[in-house]
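Next up, coords_5.cif (mmCIF, C-alpha atoms and all ligand atoms):
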```cif
data_final
#
loop_
_atom_site.label_atom_id
_atom_site.label_comp_id
_atom_site.auth_asym_id
_atom_site.auth_seq_id
_atom_site.Cartn_x
_atom_site.Cartn_y
_atom_site.Cartn_z
CA MET A 1 263.75 -186.96 -230.02
CA ALA A 2 260.63 -188.16 -231.88
CA LYS A 3 260.69 -187.45 -235.60
CA ASP A 4 257.50 -187.60 -237.62
CA VAL A 5 255.55 -186.39 -240.62
CA ILE A 6 252.51 -184.26 -239.78
CA VAL A 7 249.82 -184.21 -242.47
CA ALA A 8 248.07 -180.85 -242.87
CA LEU A 9 244.32 -181.52 -243.10
CA ASP A 10 243.57 -178.41 -245.15
CA PHE A 11 240.04 -179.45 -246.13
CA ASP A 12 236.87 -177.37 -245.96
CA SER A 13 234.62 -180.04 -244.46
CA LYS A 14 234.49 -182.92 -242.05
CA GLU A 15 233.27 -185.17 -244.83
CA LYS A 16 236.32 -184.52 -247.05
CA THR A 17 238.62 -184.90 -244.04
CA MET A 18 237.19 -188.27 -243.05
CA ASP A 19 237.15 -189.51 -246.67
CA PHE A 20 240.84 -188.70 -246.84
CA LEU A 21 241.68 -190.36 -243.50
CA ASP A 22 239.62 -193.46 -244.31
CA LYS A 23 242.24 -194.28 -246.95
CA PHE A 24 244.82 -194.80 -244.19
CA ASN A 25 245.00 -197.92 -242.05
CA GLU A 26 246.96 -196.19 -239.34
CA GLU A 27 246.83 -193.39 -236.81
CA ILE A 28 248.85 -190.62 -238.42
CA PHE A 29 249.94 -187.29 -236.90
CA VAL A 30 247.62 -184.62 -238.35
CA LYS A 31 247.41 -180.84 -238.35
CA VAL A 32 244.09 -179.05 -238.02
CA GLY A 33 244.37 -175.47 -239.22
CA MET A 34 242.09 -172.48 -239.46
CA GLU A 35 240.18 -173.64 -242.55
CA LEU A 36 238.87 -176.85 -241.00
CA PHE A 37 238.59 -175.60 -237.40
CA TYR A 38 236.60 -172.49 -238.28
CA LYS A 39 234.26 -174.53 -240.48
CA GLU A 40 233.65 -177.55 -238.27
CA GLY A 41 234.50 -176.25 -234.81
CA PRO A 42 236.11 -178.09 -231.87
CA GLU A 43 234.04 -181.22 -232.56
CA ILE A 44 236.30 -182.14 -235.48
CA VAL A 45 239.29 -182.26 -233.11
CA ARG A 46 237.40 -184.52 -230.67
CA GLU A 47 236.47 -186.83 -233.52
CA LEU A 48 240.06 -187.06 -234.77
CA LYS A 49 241.24 -187.77 -231.22
CA LYS A 50 238.67 -190.52 -230.90
CA ARG A 51 240.16 -192.09 -234.04
CA GLY A 52 243.55 -192.12 -232.32
CA HIS A 53 245.35 -189.42 -234.31
CA LYS A 54 247.94 -187.15 -232.73
CA ILE A 55 246.93 -183.55 -233.34
CA PHE A 56 248.73 -180.30 -234.00
CA LEU A 57 246.13 -177.54 -233.58
CA ASP A 58 247.50 -174.80 -235.85
CA LEU A 59 245.49 -171.70 -234.98
CA LYS A 60 248.48 -169.33 -234.71
CA LEU A 61 247.11 -167.39 -231.74
CA HIS A 62 248.04 -163.70 -231.60
CA ASP A 63 246.25 -161.11 -229.43
CA ILE A 64 246.75 -159.32 -226.11
CA PRO A 65 248.25 -161.58 -223.39
CA ASN A 66 245.05 -162.00 -221.36
CA THR A 67 242.98 -163.02 -224.39
CA VAL A 68 245.53 -165.52 -225.65
CA LYS A 69 246.05 -166.99 -222.19
CA ASN A 70 242.29 -167.55 -221.83
CA ALA A 71 241.97 -168.90 -225.38
CA THR A 72 244.74 -171.37 -224.49
CA LYS A 73 242.76 -172.48 -221.44
CA SER A 74 239.68 -173.11 -223.61
CA LEU A 75 241.66 -175.01 -226.25
CA MET A 76 243.35 -177.24 -223.69
CA ASN A 77 240.00 -179.04 -223.25
CA LEU A 78 240.63 -180.56 -226.67
CA GLU A 79 243.69 -182.47 -225.42
CA THR A 80 245.77 -181.82 -228.53
CA ASP A 81 249.48 -182.65 -228.71
CA MET A 82 250.70 -179.34 -230.17
CA ILE A 83 249.42 -175.75 -230.21
CA ASN A 84 251.00 -172.59 -231.55
CA TYR A 85 251.35 -168.83 -231.26
CA HIS A 86 252.77 -166.00 -233.33
CA ILE A 87 256.00 -165.06 -231.58
CA ALA A 88 255.31 -161.49 -232.79
CA GLY A 89 252.68 -161.41 -229.98
CA GLY A 90 255.58 -160.93 -227.53
CA GLU A 91 257.12 -162.48 -224.46
CA GLU A 92 254.29 -161.77 -222.02
CA MET A 93 251.63 -163.24 -224.33
CA LEU A 94 253.77 -166.34 -224.91
CA SER A 95 254.95 -167.04 -221.38
CA GLU A 96 251.53 -166.57 -219.75
CA SER A 97 250.00 -168.91 -222.33
CA VAL A 98 252.71 -171.55 -221.90
CA ILE A 99 252.20 -171.53 -218.13
CA GLU A 100 248.43 -171.94 -218.65
CA ALA A 101 248.89 -174.79 -221.14
CA LYS A 102 251.42 -176.67 -218.98
CA LYS A 103 249.14 -176.44 -215.94
CA ILE A 104 246.69 -178.65 -217.82
CA ASN A 105 249.11 -180.86 -219.78
CA GLU A 106 252.79 -180.68 -218.95
CA ASN A 107 253.67 -182.65 -222.07
CA ILE A 108 251.99 -180.36 -224.58
CA ILE A 109 254.33 -179.06 -227.28
CA THR A 110 253.96 -175.28 -227.51
CA LEU A 111 255.29 -173.80 -230.73
CA GLY A 112 255.97 -170.31 -231.97
CA ILE A 113 255.56 -169.06 -235.51
CA THR A 114 258.70 -167.26 -236.62
CA MET A 115 258.31 -166.14 -240.23
CA LEU A 116 255.78 -167.87 -242.49
CA THR A 117 257.38 -170.09 -245.10
CA SER A 118 255.26 -168.25 -247.71
CA THR A 119 257.23 -165.08 -246.94
CA SER A 120 260.14 -164.26 -249.23
CA ASP A 121 263.04 -162.01 -248.31
CA GLU A 122 261.62 -159.26 -250.53
CA MET A 123 258.13 -159.44 -248.97
CA MET A 124 259.60 -159.34 -245.50
CA HIS A 125 261.27 -155.99 -246.17
CA GLU A 126 258.57 -154.46 -248.34
CA SER A 127 255.33 -155.34 -246.60
CA ILE A 128 256.28 -156.57 -243.14
CA LEU A 129 258.71 -153.66 -242.78
CA ILE A 130 261.59 -155.58 -241.25
CA LYS A 131 264.80 -153.51 -241.54
CA ASP A 132 266.72 -154.02 -244.80
CA ASP A 133 269.89 -155.24 -243.14
CA LEU A 134 268.12 -158.18 -241.47
CA SER A 135 267.90 -161.40 -243.49
CA VAL A 136 265.05 -163.91 -243.16
CA GLU A 137 267.45 -166.13 -241.20
CA ASP A 138 268.41 -163.33 -238.74
CA THR A 139 264.74 -162.48 -238.25
CA VAL A 140 263.72 -166.10 -237.68
CA LEU A 141 266.55 -166.59 -235.20
CA SER A 142 265.63 -163.47 -233.29
CA TYR A 143 261.99 -164.65 -233.06
CA ALA A 144 263.16 -168.12 -232.02
CA LYS A 145 265.24 -166.64 -229.19
CA THR A 146 262.19 -164.78 -227.88
CA GLY A 147 260.23 -168.02 -228.14
CA LYS A 148 262.78 -169.96 -226.12
CA LYS A 149 263.03 -167.22 -223.49
CA SER A 150 259.24 -167.32 -223.15
CA GLY A 151 259.23 -171.05 -222.43
CA LEU A 152 258.01 -172.39 -225.78
CA SER A 153 259.00 -175.98 -226.63
CA GLY A 154 260.06 -174.98 -230.12
CA VAL A 155 259.25 -173.12 -233.31
CA VAL A 156 257.67 -173.47 -236.71
CA CYS A 157 260.19 -172.37 -239.35
CA SER A 158 261.62 -173.36 -242.70
CA ALA A 159 263.95 -176.37 -242.61
CA LEU A 160 266.58 -174.02 -244.04
CA GLU A 161 266.74 -172.25 -240.68
CA VAL A 162 266.97 -175.39 -238.53
CA PRO A 163 270.81 -175.62 -238.38
CA VAL A 164 271.23 -172.10 -237.00
CA ILE A 165 268.34 -172.52 -234.53
CA LYS A 166 269.72 -175.82 -233.21
CA LYS A 167 273.22 -174.35 -232.97
CA GLU A 168 272.09 -171.25 -231.08
CA LEU A 169 269.23 -172.64 -228.99
CA GLY A 170 270.15 -176.29 -228.49
CA GLU A 171 269.21 -179.66 -229.99
CA ASP A 172 266.21 -179.99 -227.66
CA PHE A 173 264.48 -176.90 -228.98
CA ILE A 174 261.93 -178.46 -231.34
CA THR A 175 261.72 -177.43 -234.99
CA VAL A 176 258.56 -178.10 -236.99
CA THR A 177 259.00 -177.32 -240.66
CA PRO A 178 256.37 -176.79 -243.37
CA GLY A 179 257.21 -175.81 -246.96
CA ILE A 180 258.07 -179.38 -247.98
CA ARG A 181 258.02 -180.32 -251.65
CA LEU A 182 259.24 -183.28 -253.69
CA LYS A 183 261.84 -182.46 -256.37
CA GLY A 184 260.29 -180.83 -259.43
CA SER A 185 256.78 -180.50 -257.97
CA ASN A 186 254.57 -177.40 -257.76
CA THR A 187 255.65 -175.08 -254.93
CA ASN A 188 252.18 -173.39 -254.88
CA ASP A 189 252.29 -170.33 -252.57
CA GLN A 190 255.31 -171.55 -250.59
CA LYS A 191 258.59 -169.70 -251.18
CA ARG A 192 261.23 -171.29 -248.96
CA VAL A 193 260.79 -174.98 -249.83
CA VAL A 194 262.94 -178.07 -249.23
CA THR A 195 262.60 -181.81 -249.95
CA PRO A 196 261.85 -184.35 -247.17
CA SER A 197 265.43 -185.70 -247.41
CA ASP A 198 266.90 -182.22 -247.12
CA ALA A 199 264.67 -181.53 -244.10
CA ARG A 200 266.17 -184.63 -242.54
CA SER A 201 269.78 -183.62 -243.22
CA LEU A 202 269.06 -180.11 -241.95
CA GLY A 203 267.81 -181.59 -238.66
CA SER A 204 264.03 -180.88 -238.61
CA ASP A 205 262.18 -182.75 -235.87
CA TYR A 206 258.80 -182.75 -237.62
CA ILE A 207 257.86 -181.88 -241.18
CA VAL A 208 254.38 -180.57 -242.00
CA VAL A 209 253.14 -181.70 -245.39
CA GLY A 210 249.86 -180.68 -246.99
CA ARG A 211 249.27 -180.59 -250.73
CA PRO A 212 252.03 -183.06 -251.75
CA ILE A 213 249.93 -185.66 -249.86
CA THR A 214 246.36 -184.34 -249.86
CA LYS A 215 246.35 -183.55 -253.61
CA SER A 216 248.25 -186.66 -254.61
CA ASP A 217 246.59 -189.32 -256.78
CA ASN A 218 247.63 -191.83 -254.14
CA PRO A 219 247.85 -190.05 -250.75
CA VAL A 220 248.80 -193.15 -248.76
CA GLU A 221 251.69 -193.96 -251.10
CA SER A 222 252.88 -190.34 -251.11
CA TYR A 223 252.69 -190.23 -247.30
CA HIS A 224 254.86 -193.34 -246.98
CA GLU A 225 257.29 -192.19 -249.65
CA ILE A 226 257.73 -188.82 -247.89
CA LYS A 227 258.00 -190.47 -244.47
CA LYS A 228 260.70 -192.86 -245.68
CA MET A 229 262.70 -190.01 -247.18
CA PHE A 230 262.35 -187.93 -244.02
CA LEU A 231 263.31 -190.75 -241.66
CA GLY A 232 266.10 -191.90 -244.00
CA LEU A 233 264.74 -195.45 -244.29
O1 LIG A 301 250.17 -177.66 -248.70
P1 LIG A 301 251.41 -177.31 -247.94
O2 LIG A 301 252.36 -178.49 -247.76
O3 LIG A 301 252.09 -176.07 -248.45
O4 LIG A 301 250.85 -176.98 -246.46
C1 LIG A 301 251.65 -176.45 -245.45
C2 LIG A 301 250.82 -176.31 -244.20
O5 LIG A 301 251.66 -175.75 -243.19
C3 LIG A 301 249.62 -175.37 -244.32
O6 LIG A 301 248.59 -175.94 -243.51
C4 LIG A 301 250.09 -174.06 -243.73
O7 LIG A 301 249.06 -173.36 -243.06
C5 LIG A 301 251.11 -174.54 -242.69
N1 LIG A 301 252.16 -173.59 -242.33
C6 LIG A 301 253.04 -173.05 -243.25
N2 LIG A 301 254.00 -172.18 -242.84
C7 LIG A 301 254.12 -171.86 -241.54
C8 LIG A 301 253.21 -172.40 -240.61
C9 LIG A 301 252.26 -173.28 -241.04
O8 LIG A 301 252.96 -173.39 -244.41
N3 LIG A 301 255.11 -171.07 -241.15
#
```
Reformat the file's structure so that it appears as structure tokens.
Amino acid sequence: MAKDVIVALDFDSKEKTMDFLDKFNEEIFVKVGMELFYKEGPEIVRELKKRGHKIFLDLKLHDIPNTVKNATKSLMNLETDMINYHIAGGEEMLSESVIEAKKINENIITLGITMLTSTSDEMMHESILIKDDLSVEDTVLSYAKTGKKSGLSGVVCSALEVPVIKKELGEDFITVTPGIRLKGSNTNDQKRVVTPSDARSLGSDYIVVGRPITKSDNPVESYHEIKKMFLGL
């Protein structure tokens, strides 16, 4: 299965995004999230496509099934490579959306959000009100099972949960893992973090990396350093 580093383009303007990408002499896999998409609209995705980048459109859709299915149909015009949903939206919302997406592009990777990597065990019980006897890992696995049953290609989770997901749901069920940090660096708001090399040993298919690359003094060098560690080169 393809393994790659996806760079999170968490910028607040097209100008900053393009300035960042101009430093690279290659077509990297990028993630467009809410910050950039809500500011610049669908046009930014078309522009990135034109430049040859693979795109993960990270809008974390979550609403009633009919709305999410129709939103999926609208987003499919953008010809992105990955889209995602909150698994908490339920089986009907997920399966109807996957069917809609695959009608337009059978190769699209549809992902489900399990538990955000910014959520700690304590937060999960206190503010998300998950029962005390369920660990983050149990909760993530239960979400992942719903995701697989609904036809998703895989999930977004912490690399720490990859071994149990692969064991229970199979090697082909894709795992995309944010919360990546180099040893000794600032974890920012992320709680469940791992290094690129650990993500590799744990079996992640894709790692999503934002600030360790975008805020680096030399983003291209950091990108290549992280990619080498992740691919074990
Ligand atoms: O800067 P950093 O490497 O923490 O960025 C991680 C990126 O991954 C952000 O764009 C964030 O929205 C995204 N993400 C995440 N946790 C998830 C899903 C997506 O951190 N569960």
Distance query Lys183 (chain A) at most 12 Å, all atoms listed in the file, self and fewer than 4 positions along chain excluded, as a PyMOL selection string:
chain A and resi 187+193-198+212+226+229
Counting all atoms listed in the file, which protein, DNA or RNA residues come within 10 Å of ligand LIG 301 (chain A), given as number ranges by chain?
A: 6-11, 31-35, 58-60, 84, 86, 112-119, 155-158, 176-181, 186-193, 207-215
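Shortest atom-to-atom contact with Lys50 (chain A) among A:Thr80, A:Ser185, A:His62, A:Phe37: A:Thr80, counting all atoms listed in the file.
Interatomic distance, CA of Tyr206 (chain A) to CA of Thr175 (chain A): 6.6 Å.
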Name all residues at most 8 Å from Phe173 (chain A) (count only C-alpha atoms; drop same-chain ones fewer than 5 positions away) and give them as a PyMOL selection string.
chain A and resi 148+153-155+166
Those same residues, written as a PDB file, in the coordinates of the input with C-alpha atoms?
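Generated file (again_23.pdb):
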```
ATOM      1  CA  LYS A 148     262.780-169.960-226.120  1.00  0.00           C
ATOM      2  CA  SER A 153     259.000-175.980-226.630  1.00  0.00           C
ATOM      3  CA  GLY A 154     260.060-174.980-230.120  1.00  0.00           C
ATOM      4  CA  VAL A 155     259.250-173.120-233.310  1.00  0.00           C
ATOM      5  CA  LYS A 166     269.720-175.820-233.210  1.00  0.00           C
TER       6      LYS A 166
END
```
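In this model, the gap between CA of Gly232 (chain A) and CA of Ala2 (chain A) comes to 13.8 Å.
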Can you tell me which residues surround region 52-54 of chain A at a distance of at most 6 Å, considering only C-alpha atoms, apart from same-chain residues fewer than 6 positions away, and format the answer as a ChimeraX atom specification?
/A:27-29
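CA of Ala144 (chain A) is found 7.8 Å from CA of Ile87 (chain A).
Every protein, DNA or RNA residue with an atom at most 10 Å from Glu92 (chain A), where only C-alpha atoms count and chain neighbours fewer than 4 positions away do not, is listed here: Ile64, Pro65, Asn66, Lys69, Glu96, Ser97, Val98 and Ser150 of chain A.
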Shortest interatomic distance to Thr146 (chain A) - which of A:Thr110, A:Ser95, A:Ser120, A:Asn25, counting all atoms listed in the file
A:Ser95
Give the padded box for region 66-73 of chain A as JSON: axis-aligned, covering all atoms listed in the file, 8 Å on each side, centre and edge lengths in Å to one decimal.
```
{"center_x": 244.0, "center_y": -167.2, "center_z": -223.5, "size_x": 20.1, "size_y": 26.5, "size_z": 20.3}
```
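Nearest to Leu94 (chain A) of all the residues A:Asp63, A:Glu26, A:Asp121, A:Glu137 is A:Asp63, based on all atoms listed in the file.
Shortest separation to Lys227 (chain A) among A:Leu202, A:Arg46, A:Leu182, A:Gly90 occurs at residue A:Leu182, atoms counted being all atoms listed in the file.
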Nearest to Val220 (chain A), chosen from A:Gly170, A:Ile99, A:Lys23, A:Thr17, with all atoms listed in the file counted in the distances
A:Lys23
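Using all atoms listed in the file, the shortest contact distance between Gly151 (chain A) and any of A:Phe230, A:Lys3, A:Ile55, A:Ala101 is found at A:Ala101.
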Could you rebuild region 78-89 of chain A with all heavy atoms and give it back as a PDB file, keeping the file's coordinate frame?
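Okay, this is what ended up in part06.pdb:
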```pdb
ATOM      1  N   LEU A  78     240.635-179.678-225.500  1.00  0.00           N
ATOM      2  CA  LEU A  78     240.630-180.560-226.670  1.00  0.00           C
ATOM      3  C   LEU A  78     241.741-181.604-226.620  1.00  0.00           C
ATOM      4  O   LEU A  78     241.803-182.480-227.477  1.00  0.00           O
ATOM      5  CB  LEU A  78     240.749-179.728-227.951  1.00  0.00           C
ATOM      6  CG  LEU A  78     239.571-178.778-228.176  1.00  0.00           C
ATOM      7  CD1 LEU A  78     239.824-177.901-229.387  1.00  0.00           C
ATOM      8  CD2 LEU A  78     238.295-179.581-228.359  1.00  0.00           C
ATOM      9  N   GLU A  79     242.622-181.479-225.625  1.00  0.00           N
ATOM     10  CA  GLU A  79     243.690-182.470-225.420  1.00  0.00           C
ATOM     11  C   GLU A  79     244.532-182.716-226.658  1.00  0.00           C
ATOM     12  O   GLU A  79     244.802-183.865-227.035  1.00  0.00           O
ATOM     13  CB  GLU A  79     243.093-183.789-224.906  1.00  0.00           C
ATOM     14  CG  GLU A  79     242.382-183.628-223.580  1.00  0.00           C
ATOM     15  CD  GLU A  79     241.713-184.907-223.108  1.00  0.00           C
ATOM     16  OE1 GLU A  79     242.031-185.984-223.638  1.00  0.00           O
ATOM     17  OE2 GLU A  79     240.874-184.815-222.205  1.00  0.00           O
ATOM     18  N   THR A  80     244.926-181.644-227.343  1.00  0.00           N
ATOM     19  CA  THR A  80     245.770-181.820-228.530  1.00  0.00           C
ATOM     20  C   THR A  80     247.234-181.983-228.087  1.00  0.00           C
ATOM     21  O   THR A  80     247.569-181.756-226.932  1.00  0.00           O
ATOM     22  CB  THR A  80     245.656-180.605-229.482  1.00  0.00           C
ATOM     23  OG1 THR A  80     246.068-179.444-228.781  1.00  0.00           O
ATOM     24  CG2 THR A  80     244.237-180.433-229.971  1.00  0.00           C
ATOM     25  N   ASP A  81     248.075-182.387-229.035  1.00  0.00           N
ATOM     26  CA  ASP A  81     249.480-182.650-228.710  1.00  0.00           C
ATOM     27  C   ASP A  81     250.372-181.437-228.946  1.00  0.00           C
ATOM     28  O   ASP A  81     251.441-181.328-228.359  1.00  0.00           O
ATOM     29  CB  ASP A  81     249.981-183.829-229.574  1.00  0.00           C
ATOM     30  CG  ASP A  81     249.138-185.065-229.313  1.00  0.00           C
ATOM     31  OD1 ASP A  81     249.441-185.786-228.365  1.00  0.00           O
ATOM     32  OD2 ASP A  81     248.128-185.275-230.032  1.00  0.00           O
ATOM     33  N   MET A  82     249.918-180.549-229.865  1.00  0.00           N
ATOM     34  CA  MET A  82     250.700-179.340-230.170  1.00  0.00           C
ATOM     35  C   MET A  82     249.751-178.165-230.365  1.00  0.00           C
ATOM     36  O   MET A  82     248.684-178.345-230.970  1.00  0.00           O
ATOM     37  CB  MET A  82     251.430-179.489-231.519  1.00  0.00           C
ATOM     38  CG  MET A  82     252.661-180.310-231.520  1.00  0.00           C
ATOM     39  SD  MET A  82     253.343-180.343-233.222  1.00  0.00           S
ATOM     40  CE  MET A  82     254.704-181.450-232.963  1.00  0.00           C
ATOM     41  N   ILE A  83     250.161-176.987-229.876  1.00  0.00           N
ATOM     42  CA  ILE A  83     249.420-175.750-230.210  1.00  0.00           C
ATOM     43  C   ILE A  83     250.460-174.687-230.559  1.00  0.00           C
ATOM     44  O   ILE A  83     251.640-174.850-230.261  1.00  0.00           O
ATOM     45  CB  ILE A  83     248.521-175.242-229.049  1.00  0.00           C
ATOM     46  CG1 ILE A  83     249.316-175.138-227.739  1.00  0.00           C
ATOM     47  CG2 ILE A  83     247.286-176.079-228.873  1.00  0.00           C
ATOM     48  CD1 ILE A  83     248.523-174.417-226.664  1.00  0.00           C
ATOM     49  N   ASN A  84     249.991-173.588-231.169  1.00  0.00           N
ATOM     50  CA  ASN A  84     251.000-172.590-231.550  1.00  0.00           C
ATOM     51  C   ASN A  84     250.533-171.145-231.468  1.00  0.00           C
ATOM     52  O   ASN A  84     249.333-170.849-231.420  1.00  0.00           O
ATOM     53  CB  ASN A  84     251.568-172.910-232.941  1.00  0.00           C
ATOM     54  CG  ASN A  84     250.543-172.812-234.041  1.00  0.00           C
ATOM     55  OD1 ASN A  84     249.363-172.620-233.795  1.00  0.00           O
ATOM     56  ND2 ASN A  84     251.000-172.927-235.265  1.00  0.00           N
ATOM     57  N   TYR A  85     251.524-170.271-231.455  1.00  0.00           N
ATOM     58  CA  TYR A  85     251.350-168.830-231.260  1.00  0.00           C
ATOM     59  C   TYR A  85     252.243-168.079-232.226  1.00  0.00           C
ATOM     60  O   TYR A  85     253.321-168.571-232.566  1.00  0.00           O
ATOM     61  CB  TYR A  85     251.795-168.445-229.832  1.00  0.00           C
ATOM     62  CG  TYR A  85     251.085-169.244-228.774  1.00  0.00           C
ATOM     63  CD1 TYR A  85     251.603-170.469-228.328  1.00  0.00           C
ATOM     64  CD2 TYR A  85     249.885-168.798-228.236  1.00  0.00           C
ATOM     65  CE1 TYR A  85     250.932-171.228-227.384  1.00  0.00           C
ATOM     66  CE2 TYR A  85     249.207-169.551-227.281  1.00  0.00           C
ATOM     67  CZ  TYR A  85     249.737-170.765-226.867  1.00  0.00           C
ATOM     68  OH  TYR A  85     249.064-171.512-225.942  1.00  0.00           O
ATOM     69  N   HIS A  86     251.847-166.861-232.582  1.00  0.00           N
ATOM     70  CA  HIS A  86     252.770-166.000-233.330  1.00  0.00           C
ATOM     71  C   HIS A  86     253.736-165.388-232.332  1.00  0.00           C
ATOM     72  O   HIS A  86     253.303-164.710-231.395  1.00  0.00           O
ATOM     73  CB  HIS A  86     252.003-164.877-234.044  1.00  0.00           C
ATOM     74  CG  HIS A  86     251.611-165.236-235.439  1.00  0.00           C
ATOM     75  ND1 HIS A  86     252.535-165.325-236.461  1.00  0.00           N
ATOM     76  CD2 HIS A  86     250.421-165.539-235.982  1.00  0.00           C
ATOM     77  CE1 HIS A  86     251.917-165.669-237.570  1.00  0.00           C
ATOM     78  NE2 HIS A  86     250.638-165.821-237.313  1.00  0.00           N
ATOM     79  N   ILE A  87     255.015-165.608-232.518  1.00  0.00           N
ATOM     80  CA  ILE A  87     256.000-165.060-231.580  1.00  0.00           C
ATOM     81  C   ILE A  87     255.919-163.524-231.571  1.00  0.00           C
ATOM     82  O   ILE A  87     256.190-162.883-230.558  1.00  0.00           O
ATOM     83  CB  ILE A  87     257.421-165.564-231.913  1.00  0.00           C
ATOM     84  CG1 ILE A  87     257.452-167.084-231.710  1.00  0.00           C
ATOM     85  CG2 ILE A  87     258.470-164.887-231.027  1.00  0.00           C
ATOM     86  CD1 ILE A  87     258.759-167.754-232.053  1.00  0.00           C
ATOM     87  N   ALA A  88     255.465-162.946-232.699  1.00  0.00           N
ATOM     88  CA  ALA A  88     255.310-161.490-232.790  1.00  0.00           C
ATOM     89  C   ALA A  88     254.381-160.953-231.693  1.00  0.00           C
ATOM     90  O   ALA A  88     254.391-159.760-231.392  1.00  0.00           O
ATOM     91  CB  ALA A  88     254.784-161.119-234.173  1.00  0.00           C
ATOM     92  N   GLY A  89     253.574-161.826-231.082  1.00  0.00           N
ATOM     93  CA  GLY A  89     252.680-161.410-229.980  1.00  0.00           C
ATOM     94  C   GLY A  89     253.448-161.014-228.715  1.00  0.00           C
ATOM     95  O   GLY A  89     252.886-160.377-227.825  1.00  0.00           O
TER      96      GLY A  89
END
```
